[in-house]
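Listing of input_4.cif, mmCIF, C-alpha atoms and all ligand atoms
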data_my_file
#
loop_
_atom_site.label_atom_id
_atom_site.label_comp_id
_atom_site.auth_asym_id
_atom_site.auth_seq_id
_atom_site.Cartn_x
_atom_site.Cartn_y
_atom_site.Cartn_z
CA MET V 16 -105.51 -69.56 -80.03
CA ILE V 17 -104.15 -70.41 -76.58
CA PHE V 18 -100.81 -68.90 -75.59
CA GLY V 19 -98.64 -71.27 -73.57
CA ILE V 20 -97.20 -74.74 -73.92
CA GLY V 21 -98.25 -78.31 -73.32
CA LEU V 22 -102.00 -77.79 -73.33
CA ALA V 23 -102.47 -80.68 -75.75
CA ASN V 24 -101.70 -82.97 -72.81
CA HIS V 25 -105.04 -82.01 -71.39
CA LEU V 26 -107.14 -82.45 -74.49
CA TYR V 27 -108.66 -85.52 -72.97
CA THR V 28 -112.21 -86.50 -72.28
CA SER V 29 -113.03 -87.29 -68.71
CA THR V 30 -116.28 -88.76 -67.51
CA VAL V 31 -118.25 -87.10 -64.76
CA ALA V 32 -117.84 -90.21 -62.64
CA ARG V 33 -114.06 -90.26 -62.91
CA MET V 34 -113.83 -86.57 -62.18
CA ILE V 35 -115.94 -86.68 -59.05
CA GLN V 36 -114.42 -89.91 -57.75
CA THR V 37 -110.86 -88.64 -57.95
CA ARG V 38 -111.58 -84.94 -57.40
CA ASP V 39 -109.20 -84.63 -60.30
CA ILE V 40 -109.30 -81.11 -61.67
CA LYS V 41 -106.50 -80.71 -64.17
CA LEU V 42 -107.56 -77.73 -66.21
CA VAL V 43 -109.32 -74.67 -64.80
CA GLY V 44 -110.76 -71.88 -66.96
CA ILE V 45 -111.15 -68.32 -65.76
CA VAL V 46 -113.31 -65.85 -67.66
CA GLY V 47 -112.26 -62.28 -66.98
CA SER V 48 -108.78 -60.94 -66.41
CA GLY V 49 -109.36 -58.18 -63.88
CA ILE V 50 -107.82 -58.06 -60.42
CA MET V 51 -109.84 -61.08 -59.26
CA GLY V 52 -109.40 -63.21 -62.40
CA SER V 53 -105.66 -62.66 -62.42
CA GLY V 54 -105.33 -63.28 -58.66
CA ILE V 55 -107.37 -66.48 -58.81
CA ALA V 56 -105.26 -67.69 -61.77
CA GLU V 57 -102.11 -67.21 -59.69
CA VAL V 58 -103.64 -69.19 -56.81
CA VAL V 59 -104.66 -72.03 -59.15
CA SER V 60 -101.26 -72.18 -60.90
CA ARG V 61 -99.43 -72.27 -57.56
CA ALA V 62 -101.69 -75.15 -56.49
CA GLY V 63 -100.35 -77.15 -59.46
CA MET V 64 -103.36 -77.02 -61.77
CA ASP V 65 -103.26 -75.75 -65.34
CA VAL V 66 -105.25 -72.56 -65.79
CA VAL V 67 -106.48 -70.79 -68.93
CA VAL V 68 -107.51 -67.17 -68.46
CA CYS V 69 -109.93 -65.94 -71.10
CA SER V 70 -109.79 -62.21 -71.61
CA ARG V 71 -111.81 -60.03 -74.01
CA ALA V 72 -108.76 -59.08 -76.10
CA GLU V 73 -105.40 -60.64 -76.93
CA GLN V 74 -103.56 -57.66 -75.48
CA THR V 75 -105.27 -57.90 -72.08
CA ALA V 76 -104.78 -61.68 -72.13
CA HIS V 77 -101.01 -61.18 -72.47
CA ALA V 78 -101.10 -58.42 -69.84
CA THR V 79 -102.68 -60.92 -67.42
CA ARG V 80 -99.85 -63.40 -67.92
CA SER V 81 -97.34 -60.58 -67.31
CA ALA V 82 -99.22 -59.49 -64.15
CA ILE V 83 -99.06 -63.03 -62.74
CA GLU V 84 -95.37 -63.25 -63.63
CA LYS V 85 -94.72 -59.90 -61.94
CA SER V 86 -96.58 -60.96 -58.79
CA LEU V 87 -94.58 -64.21 -58.62
CA ALA V 88 -91.31 -62.33 -59.32
CA ASN V 89 -92.14 -60.07 -56.38
CA LYS V 90 -92.46 -63.13 -54.12
CA LEU V 91 -89.21 -64.52 -55.56
CA SER V 92 -87.39 -61.26 -54.79
CA LYS V 93 -88.57 -61.54 -51.16
CA ALA V 94 -87.41 -65.19 -51.09
CA LYS V 95 -91.03 -66.30 -50.40
CA ILE V 96 -90.81 -68.74 -53.33
CA SER V 97 -87.91 -70.31 -55.24
CA GLN V 98 -87.08 -69.79 -58.93
CA GLU V 99 -88.22 -73.38 -59.53
CA GLN V 100 -91.59 -72.74 -57.86
CA MET V 101 -92.04 -69.61 -59.94
CA ASP V 102 -91.14 -71.43 -63.19
CA THR V 103 -93.47 -74.32 -62.32
CA ALA V 104 -96.35 -71.95 -61.54
CA MET V 105 -95.82 -70.02 -64.79
CA SER V 106 -95.72 -73.28 -66.78
CA HIS V 107 -99.34 -73.82 -65.67
CA VAL V 108 -100.59 -70.43 -66.93
CA TYR V 109 -102.22 -70.05 -70.37
CA VAL V 110 -104.10 -67.07 -71.73
CA THR V 111 -106.54 -66.68 -74.58
CA SER V 112 -109.09 -64.26 -75.98
CA LYS V 113 -111.38 -67.00 -77.31
CA ILE V 114 -113.96 -68.63 -75.07
CA GLU V 115 -113.85 -71.81 -77.24
CA ASP V 116 -110.36 -72.41 -75.81
CA LEU V 117 -112.02 -73.34 -72.52
CA ALA V 118 -113.62 -76.41 -74.14
CA ASN V 119 -111.56 -78.97 -72.19
CA CYS V 120 -111.74 -77.35 -68.79
CA ASP V 121 -112.89 -79.41 -65.82
CA LEU V 122 -114.01 -76.32 -63.93
CA VAL V 123 -114.58 -72.74 -65.07
CA ILE V 124 -114.72 -69.69 -62.80
CA GLU V 125 -116.53 -66.73 -64.35
CA SER V 126 -114.95 -63.56 -62.96
CA ALA V 127 -116.37 -60.81 -65.16
CA ILE V 128 -117.98 -57.55 -64.03
CA GLU V 129 -120.83 -57.59 -61.48
CA ASP V 130 -123.60 -57.33 -64.04
CA LEU V 131 -126.18 -60.11 -64.21
CA THR V 132 -126.91 -59.74 -67.95
CA THR V 133 -123.20 -59.97 -68.80
CA LYS V 134 -122.76 -63.00 -66.55
CA GLN V 135 -125.85 -64.75 -67.95
CA ARG V 136 -124.62 -64.18 -71.50
CA LEU V 137 -121.27 -65.70 -70.54
CA PHE V 138 -122.94 -68.72 -68.95
CA VAL V 139 -124.98 -69.30 -72.13
CA GLU V 140 -121.75 -69.21 -74.19
CA LEU V 141 -119.78 -71.35 -71.73
CA ASP V 142 -122.55 -73.95 -71.62
CA LYS V 143 -122.23 -74.34 -75.40
CA VAL V 144 -118.45 -74.64 -75.57
CA VAL V 145 -117.30 -76.61 -72.51
CA LYS V 146 -117.47 -80.39 -72.23
CA LEU V 147 -120.54 -81.92 -70.58
CA SER V 148 -118.73 -82.85 -67.36
CA CYS V 149 -117.41 -79.32 -66.76
CA VAL V 150 -118.63 -77.54 -63.63
CA LEU V 151 -119.41 -73.85 -64.23
CA THR V 152 -118.92 -71.46 -61.33
CA THR V 153 -119.12 -67.74 -60.71
CA ASN V 154 -116.99 -65.49 -58.55
CA THR V 155 -119.91 -63.10 -58.09
CA SER V 156 -119.92 -61.12 -54.85
CA THR V 157 -123.70 -60.83 -54.49
CA LEU V 158 -125.69 -61.73 -57.61
CA PRO V 159 -128.08 -64.73 -57.52
CA VAL V 160 -126.15 -67.78 -58.71
CA ILE V 161 -129.46 -69.48 -59.58
CA GLU V 162 -129.99 -66.91 -62.38
CA MET V 163 -126.72 -68.03 -63.97
CA ALA V 164 -127.50 -71.71 -63.41
CA ARG V 165 -130.87 -71.27 -65.15
CA SER V 166 -129.15 -69.80 -68.22
CA THR V 167 -127.53 -73.17 -68.85
CA ASN V 168 -128.62 -76.71 -69.68
CA ARG V 169 -126.61 -77.97 -66.70
CA PRO V 170 -128.08 -76.16 -63.65
CA ASP V 171 -126.99 -79.08 -61.45
CA LYS V 172 -123.35 -78.33 -62.38
CA VAL V 173 -123.39 -74.63 -61.48
CA CYS V 174 -122.41 -73.04 -58.15
CA GLY V 175 -120.61 -70.00 -56.76
CA ILE V 176 -116.92 -69.98 -55.78
CA HIS V 177 -116.26 -66.56 -54.28
CA PHE V 178 -112.64 -65.54 -53.64
CA PHE V 179 -111.73 -62.37 -51.71
CA ASN V 180 -109.46 -59.51 -52.71
CA PRO V 181 -106.46 -59.91 -52.84
CA ALA V 182 -107.14 -63.53 -53.82
CA VAL V 183 -103.53 -64.60 -53.33
CA ILE V 184 -103.55 -63.44 -49.70
CA MET V 185 -107.09 -63.88 -48.39
CA PRO V 186 -107.66 -67.40 -46.99
CA LEU V 187 -111.46 -67.50 -47.34
CA VAL V 188 -113.55 -68.77 -50.25
CA GLU V 189 -117.37 -68.87 -50.06
CA ILE V 190 -118.98 -71.83 -51.83
CA ILE V 191 -122.49 -70.80 -52.82
CA ARG V 192 -125.11 -73.45 -53.32
CA PRO V 193 -128.11 -72.58 -55.49
CA ILE V 194 -131.05 -74.97 -54.99
CA THR V 195 -130.31 -76.53 -58.38
CA ALA V 196 -126.71 -77.63 -57.57
CA SER V 197 -126.03 -81.34 -57.08
CA ASP V 198 -124.10 -82.76 -54.12
CA GLU V 199 -121.35 -83.79 -56.57
CA THR V 200 -120.94 -80.21 -57.78
CA ILE V 201 -120.61 -78.87 -54.24
CA ALA V 202 -118.20 -81.71 -53.34
CA LEU V 203 -116.08 -80.81 -56.38
CA ALA V 204 -116.10 -77.12 -55.45
CA ASN V 205 -115.04 -78.00 -51.89
CA ALA V 206 -112.22 -80.21 -53.18
CA PHE V 207 -111.03 -77.50 -55.58
CA VAL V 208 -110.99 -74.84 -52.85
CA ALA V 209 -109.04 -77.18 -50.52
CA THR V 210 -106.53 -77.92 -53.32
CA CYS V 211 -106.06 -74.15 -53.68
CA GLY V 212 -105.07 -74.10 -50.00
CA LYS V 213 -108.07 -71.94 -49.05
CA ASP V 214 -110.64 -72.25 -46.27
CA GLY V 215 -114.05 -72.96 -47.80
CA VAL V 216 -117.37 -72.11 -46.17
CA GLN V 217 -120.71 -73.19 -47.58
CA VAL V 218 -123.55 -70.69 -47.87
CA ALA V 219 -127.04 -70.51 -49.37
CA ASP V 220 -127.66 -68.45 -52.50
CA ARG V 221 -128.80 -65.22 -50.83
CA ALA V 222 -127.53 -61.74 -51.79
CA GLY V 223 -124.14 -60.94 -50.25
CA PHE V 224 -123.69 -64.52 -49.03
CA ILE V 225 -121.95 -64.29 -45.62
CA VAL V 226 -119.18 -61.73 -45.88
CA ASN V 227 -120.62 -59.00 -48.09
CA ALA V 228 -124.04 -59.18 -46.40
CA LEU V 229 -122.29 -58.25 -43.14
CA LEU V 230 -119.48 -56.06 -44.53
CA PHE V 231 -121.29 -53.69 -46.89
CA PRO V 232 -123.81 -52.18 -44.44
CA TYR V 233 -120.73 -51.24 -42.36
CA LEU V 234 -118.88 -49.75 -45.36
CA ASN V 235 -121.95 -47.79 -46.49
CA ASN V 236 -122.51 -46.52 -42.94
CA ALA V 237 -118.93 -45.29 -42.83
CA ILE V 238 -119.67 -43.12 -45.91
CA ALA V 239 -122.88 -41.88 -44.24
CA MET V 240 -120.80 -40.93 -41.21
CA LEU V 241 -118.38 -38.99 -43.42
CA GLU V 242 -121.30 -37.24 -45.17
CA ALA V 243 -122.79 -36.30 -41.80
CA GLY V 244 -119.50 -34.60 -40.89
CA THR V 245 -118.97 -36.81 -37.82
CA ALA V 246 -115.29 -37.38 -38.61
CA SER V 247 -112.82 -37.23 -41.50
CA MET V 248 -112.28 -40.38 -43.58
CA GLU V 249 -108.69 -40.57 -42.34
CA ASP V 250 -109.89 -40.53 -38.72
CA ILE V 251 -112.65 -43.08 -39.43
CA ASP V 252 -110.04 -45.39 -41.00
CA THR V 253 -107.62 -44.85 -38.11
CA ALA V 254 -110.43 -45.50 -35.61
CA MET V 255 -111.53 -48.82 -37.14
CA LYS V 256 -107.93 -50.04 -37.47
CA GLY V 257 -106.91 -49.04 -33.96
CA GLY V 258 -110.24 -49.67 -32.27
CA CYS V 259 -111.18 -52.99 -33.86
CA ASN V 260 -107.80 -54.27 -35.05
CA PHE V 261 -109.08 -54.36 -38.66
CA PRO V 262 -106.20 -54.47 -41.18
CA MET V 263 -107.73 -51.59 -43.16
CA GLY V 264 -110.24 -48.86 -42.43
CA PRO V 265 -113.53 -48.75 -44.41
CA PHE V 266 -112.41 -46.15 -46.99
CA ALA V 267 -109.13 -47.93 -47.77
CA LEU V 268 -111.11 -51.17 -48.09
CA LEU V 269 -113.71 -49.61 -50.41
CA ASP V 270 -110.83 -48.41 -52.63
CA LEU V 271 -109.33 -51.92 -52.61
CA VAL V 272 -112.63 -53.61 -53.52
CA GLY V 273 -113.37 -51.00 -56.25
CA LEU V 274 -116.03 -48.31 -55.95
CA ASP V 275 -117.97 -49.49 -59.03
CA THR V 276 -118.04 -53.03 -57.61
CA SER V 277 -119.14 -51.61 -54.26
CA VAL V 278 -122.10 -49.81 -55.89
CA SER V 279 -123.12 -53.07 -57.63
CA ILE V 280 -122.88 -55.03 -54.38
CA LEU V 281 -124.96 -52.47 -52.45
CA GLU V 282 -127.58 -52.33 -55.22
CA ALA V 283 -127.92 -56.13 -55.16
CA LEU V 284 -128.19 -56.13 -51.36
CA TYR V 285 -130.74 -53.29 -51.43
CA SER V 286 -132.87 -55.02 -54.04
CA GLU V 287 -133.04 -58.15 -51.87
CA PHE V 288 -133.27 -56.73 -48.32
CA LYS V 289 -134.77 -53.25 -48.99
CA SER V 290 -133.05 -51.72 -45.99
CA SER V 291 -132.34 -47.98 -46.46
CA ASN V 292 -128.77 -48.25 -45.17
CA LEU V 293 -128.01 -50.51 -48.15
CA GLU V 294 -128.76 -47.81 -50.73
CA PRO V 295 -125.38 -46.73 -52.15
CA ARG V 296 -124.49 -43.36 -50.53
CA PRO V 297 -124.45 -40.29 -52.84
CA THR V 298 -120.69 -39.76 -52.30
CA LEU V 299 -119.98 -43.29 -53.52
CA ARG V 300 -122.10 -42.82 -56.65
CA LYS V 301 -120.52 -39.44 -57.36
CA LEU V 302 -116.98 -40.86 -57.24
CA VAL V 303 -117.97 -43.65 -59.65
CA GLU V 304 -119.57 -41.11 -62.03
CA GLN V 305 -116.26 -39.21 -61.99
CA GLY V 306 -114.38 -42.40 -62.97
CA LYS V 307 -112.78 -42.61 -59.53
CA LEU V 308 -113.03 -46.34 -58.96
CA GLY V 309 -110.45 -46.85 -56.21
CA ARG V 310 -106.96 -48.32 -56.43
CA LYS V 311 -107.47 -49.70 -59.93
CA SER V 312 -108.02 -46.20 -61.38
CA LYS V 313 -105.45 -44.65 -59.01
CA GLN V 314 -108.17 -42.44 -57.47
CA GLY V 315 -111.04 -43.22 -55.16
CA PHE V 316 -111.59 -41.95 -51.65
CA TYR V 317 -107.78 -41.70 -51.59
CA ASN V 318 -105.25 -40.95 -54.37
CA TYR V 319 -102.70 -43.67 -55.23
N1 LIG P 1 -102.37 -58.16 -54.13
C1 LIG P 1 -101.51 -59.14 -53.85
N2 LIG P 1 -100.72 -59.14 -52.75
C2 LIG P 1 -100.83 -58.09 -51.92
C3 LIG P 1 -101.71 -57.01 -52.16
C4 LIG P 1 -102.50 -57.07 -53.31
N3 LIG P 1 -103.39 -56.12 -53.60
N4 LIG P 1 -101.56 -56.11 -51.16
C5 LIG P 1 -100.63 -56.60 -50.34
N5 LIG P 1 -100.22 -57.78 -50.79
C6 LIG P 1 -99.25 -58.66 -50.16
C7 LIG P 1 -97.88 -58.00 -50.00
O1 LIG P 1 -97.06 -58.19 -51.14
C8 LIG P 1 -97.34 -58.71 -48.80
O2 LIG P 1 -96.89 -59.99 -49.21
P1 LIG P 1 -95.58 -60.66 -48.54
O3 LIG P 1 -95.91 -60.81 -47.07
O4 LIG P 1 -95.45 -61.96 -49.24
O5 LIG P 1 -94.45 -59.73 -48.79
C9 LIG P 1 -98.57 -58.97 -47.92
O6 LIG P 1 -99.69 -58.89 -48.81
C10 LIG P 1 -98.70 -57.96 -46.83
O7 LIG P 1 -98.71 -56.70 -47.46
P2 LIG P 1 -98.27 -55.34 -46.76
O8 LIG P 1 -97.31 -55.65 -45.66
O9 LIG P 1 -97.85 -54.36 -47.78
O10 LIG P 1 -99.61 -54.73 -46.26
P3 LIG P 1 -100.59 -55.21 -45.17
O11 LIG P 1 -99.94 -56.00 -44.10
O12 LIG P 1 -101.33 -53.98 -44.84
O13 LIG P 1 -101.57 -56.22 -45.93
C11 LIG P 1 -103.63 -56.56 -47.05
C12 LIG P 1 -102.32 -55.82 -47.06
C13 LIG P 1 -103.37 -58.07 -47.16
C14 LIG P 1 -104.42 -56.09 -48.26
C15 LIG P 1 -104.35 -56.25 -45.68
O14 LIG P 1 -104.41 -54.87 -45.50
C16 LIG P 1 -105.73 -56.84 -45.59
O15 LIG P 1 -105.90 -58.00 -45.29
N6 LIG P 1 -106.77 -56.01 -45.85
C17 LIG P 1 -108.16 -56.43 -45.80
C18 LIG P 1 -108.52 -57.02 -47.12
C19 LIG P 1 -109.96 -57.45 -47.13
O16 LIG P 1 -110.72 -57.29 -46.20
N7 LIG P 1 -110.36 -58.02 -48.26
C20 LIG P 1 -111.71 -58.44 -48.45
C21 LIG P 1 -112.38 -57.41 -49.27
S1 LIG P 1 -114.08 -57.81 -49.54
C22 LIG P 1 -114.05 -58.78 -50.86
O17 LIG P 1 -113.08 -59.07 -51.50
C23 LIG P 1 -115.37 -59.35 -51.17
C24 LIG P 1 -115.96 -58.88 -52.41
O18 LIG P 1 -116.72 -59.65 -52.97
C25 LIG P 1 -115.80 -57.52 -52.91
#

Can you give me the file's structure in the form of structure tokens?
Amino acid sequence: MIFGIGLANHLYTSTVARMIQTRDIKLVGIVGSGIMGSGIAEVVSRAGMDVVVCSRAEQTAHATRSAIEKSLANKLSKAKISQEQMDTAMSHVYVTSKIEDLANCDLVIESAIEDLTTKQRLFVELDKVVKLSCVLTTNTSTLPVIEMARSTNRPDKVCGIHFFNPAVIMPLVEIIRPITASDETIALANAFVATCGKDGVQVADRAGFIVNALLFPYLNNAIAMLEAGTASMEDIDTAMKGGCNFPMGPFALLDLVGLDTSVSILEALYSEFKSSNLEPRPTLRKLVEQGKLGRKSKQGFYNY
């Protein structure tokens, strides 16, 4: 059951040709209602497209809608958006706990945890339920998109669309092209990203793509520096902010990204590039084992 109004308007069948000609994406599905799924849903709704967020449980599905509403209300209170803009954005947001409710989506963004088996299972399910013309994408940070494409009967209609955290603020989106993706799929992904008001860059399907392949060796080295006793984490953060004009130091950024996600990203990078400075540092693993996952669990390198 989908929670929201007016979805019946979109229970239409659209041909692949029409969709690609007009770049007409009316209904976007998002699988996963974590920080990224919820942030991407807000971006999509504000860009004027209907969005259905599929969560694992009804309760978390409703919590996602409330989180988007709260984020928009925050912008309203700062006069960044009007009441009308907030109401219009919210009228585009639907939530569900059933993957079948994504059947009529034109584009789906999988935004579940960074675990290849979980993502492949979701792609198998999505491939069965969505219409033939639907393009399936993943918001993975590092995992091989080709492995998800191969789990489906539509590998030509699968690519990566990687938003950055916080999705509402960060302008960049990486569009990842596995060798199986068609030109039409990449053109559609480009058009979608532009409609979202984001800057798209195109990248080959190699672990870490552009940003994480360059960012995570730096983040891991910052932990190594802390472990070596070179400086305190506060001073390392202060140094990188003041010395490089970065908006956040490495430890604050690790906490924002999520320490469990950071371990997954480093493991994927290590398994592809085999460089020793990509092996997740012991301190990072220890924090994850203790359930300290960063901002989302209120404890990470820092307490929140
Ligand atoms: N979610 C949504 N909005 C947020 C936010 C969050 N987590 N944190 C801050 N904001 C908003 C604030 O509400 C504020 O909005 P308004 O201007 O409309 O009022 C705006 O961002 C600025 O916030 P602040 O003034 O409080 O703080 P700031 O100036 O320090 O900015 C920041 C916060 C945008 C997070 C900034 O510190 C920043 O850009 N940090 C770097 C983030 C980054 O590098 N992200 C990439 C991570 S890597 C990744 O995502 C890849 C991956 O695959 C893991």

Can you pull out the residues contacting Ile124 in chain V? Cut-off 7 Å, using only C-alpha atoms, and skip same-chain residues under 6 positions away; I want them as a VMD selection string. chain V and resid 44 to 46 151 to 154

Which residues are near Ile194 in chain V? Cut-off 12 Å, only C-alpha atoms, ignore same chain within fewer than 2 positions. Put them as a list in words.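 These residues fall inside the cut-off: Pro159, Val160, Ile161, Glu162, Ala164, Arg165, Pro170, Asp171, Lys172, Val173, Cys174, Gly175, Ile191, Arg192, Ala196, Ser197, Asp198, Thr200, Ile201, Val218, Ala219, Asp220 and Arg221 of chain V.
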
Nearest residue to ligand LIG 1 (chain P) out of V:Val144, V:Cys259, V:Val67, V:Leu271, using all atoms listed in the file? V:Leu271

Give me, as CSV, each residue of chain V that comes within 7 Å of ligand LIG 1 (chain P), together with its shortest interatomic pair and the distance in Å at one decimal, counting only C-alpha atoms and all ligand atoms, with rows ordered by chain and rising residue number.
residue,atom,partner,partner_atom,distance
V:Lys90,CA,P:LIG1,O4,5.8
V:Lys93,CA,P:LIG1,O5,6.6
V:Lys95,CA,P:LIG1,O4,6.3
V:Thr155,CA,P:LIG1,O18,6.9
V:Ser156,CA,P:LIG1,O18,4.0
V:Phe178,CA,P:LIG1,O17,6.8
V:Phe179,CA,P:LIG1,O17,3.6
V:Asn180,CA,P:LIG1,O17,3.8
V:Pro181,CA,P:LIG1,N1,4.6
V:Val183,CA,P:LIG1,C1,5.8
V:Ile184,CA,P:LIG1,C13,5.9
V:Met185,CA,P:LIG1,N7,6.7
V:Val226,CA,P:LIG1,C23,6.9
V:Asn227,CA,P:LIG1,C23,6.1
V:Pro262,CA,P:LIG1,O14,4.7
V:Met263,CA,P:LIG1,O14,5.2
V:Leu268,CA,P:LIG1,O16,6.4
V:Val272,CA,P:LIG1,C25,5.1
V:Thr276,CA,P:LIG1,C25,6.9
V:Ser277,CA,P:LIG1,C25,6.9

So that I can check the surroundings of Arg310 in chain V, please list as a ChimeraX atom specification every protein, DNA and RNA residue that reaches within 7 Å of it, counting all atoms listed in the file and ignoring chain neighbours fewer than 6 positions away. /V:270-271,273,319

So, with only C-alpha atoms as the atoms that count, which of V:Thr253, V:Asn235, V:Thr245, V:Asn168 lies closest to Arg296 in chain V?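 Among V:Thr253, V:Asn235, V:Thr245, V:Asn168, it is V:Asn235 that comes nearest to Arg296 in chain V.
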
Could you jot down the CA of Ala222 in chain V to CA of Ser48 in chain V separation for me, Å, one decimal place? 23.8 Å

Might you pull out every residue within 10 Å of Gln314 in chain V, with only C-alpha atoms counted and same-chain residues fewer than 5 positions away left off, and present them as a list in words?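 In the requested form, the answer reads Asp270, Leu274, Leu302, Gln305, Gly306, Lys307, Leu308, Gly309 and Tyr319 of chain V.
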
Taking into account only C-alpha atoms, which residue in the set V:Val68, V:Ser286, V:Leu269, V:Leu122 is nearest to Thr157 in chain V?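 Ranking V:Val68, V:Ser286, V:Leu269, V:Leu122 by distance to Thr157 in chain V, first place goes to V:Ser286.
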
Residue nearest Val278 in chain V among V:Ala254, V:Glu73, V:Phe231, V:Glu242 (counting only C-alpha atoms):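 Answer, going by the shortest atom-to-atom distance: V:Phe231.
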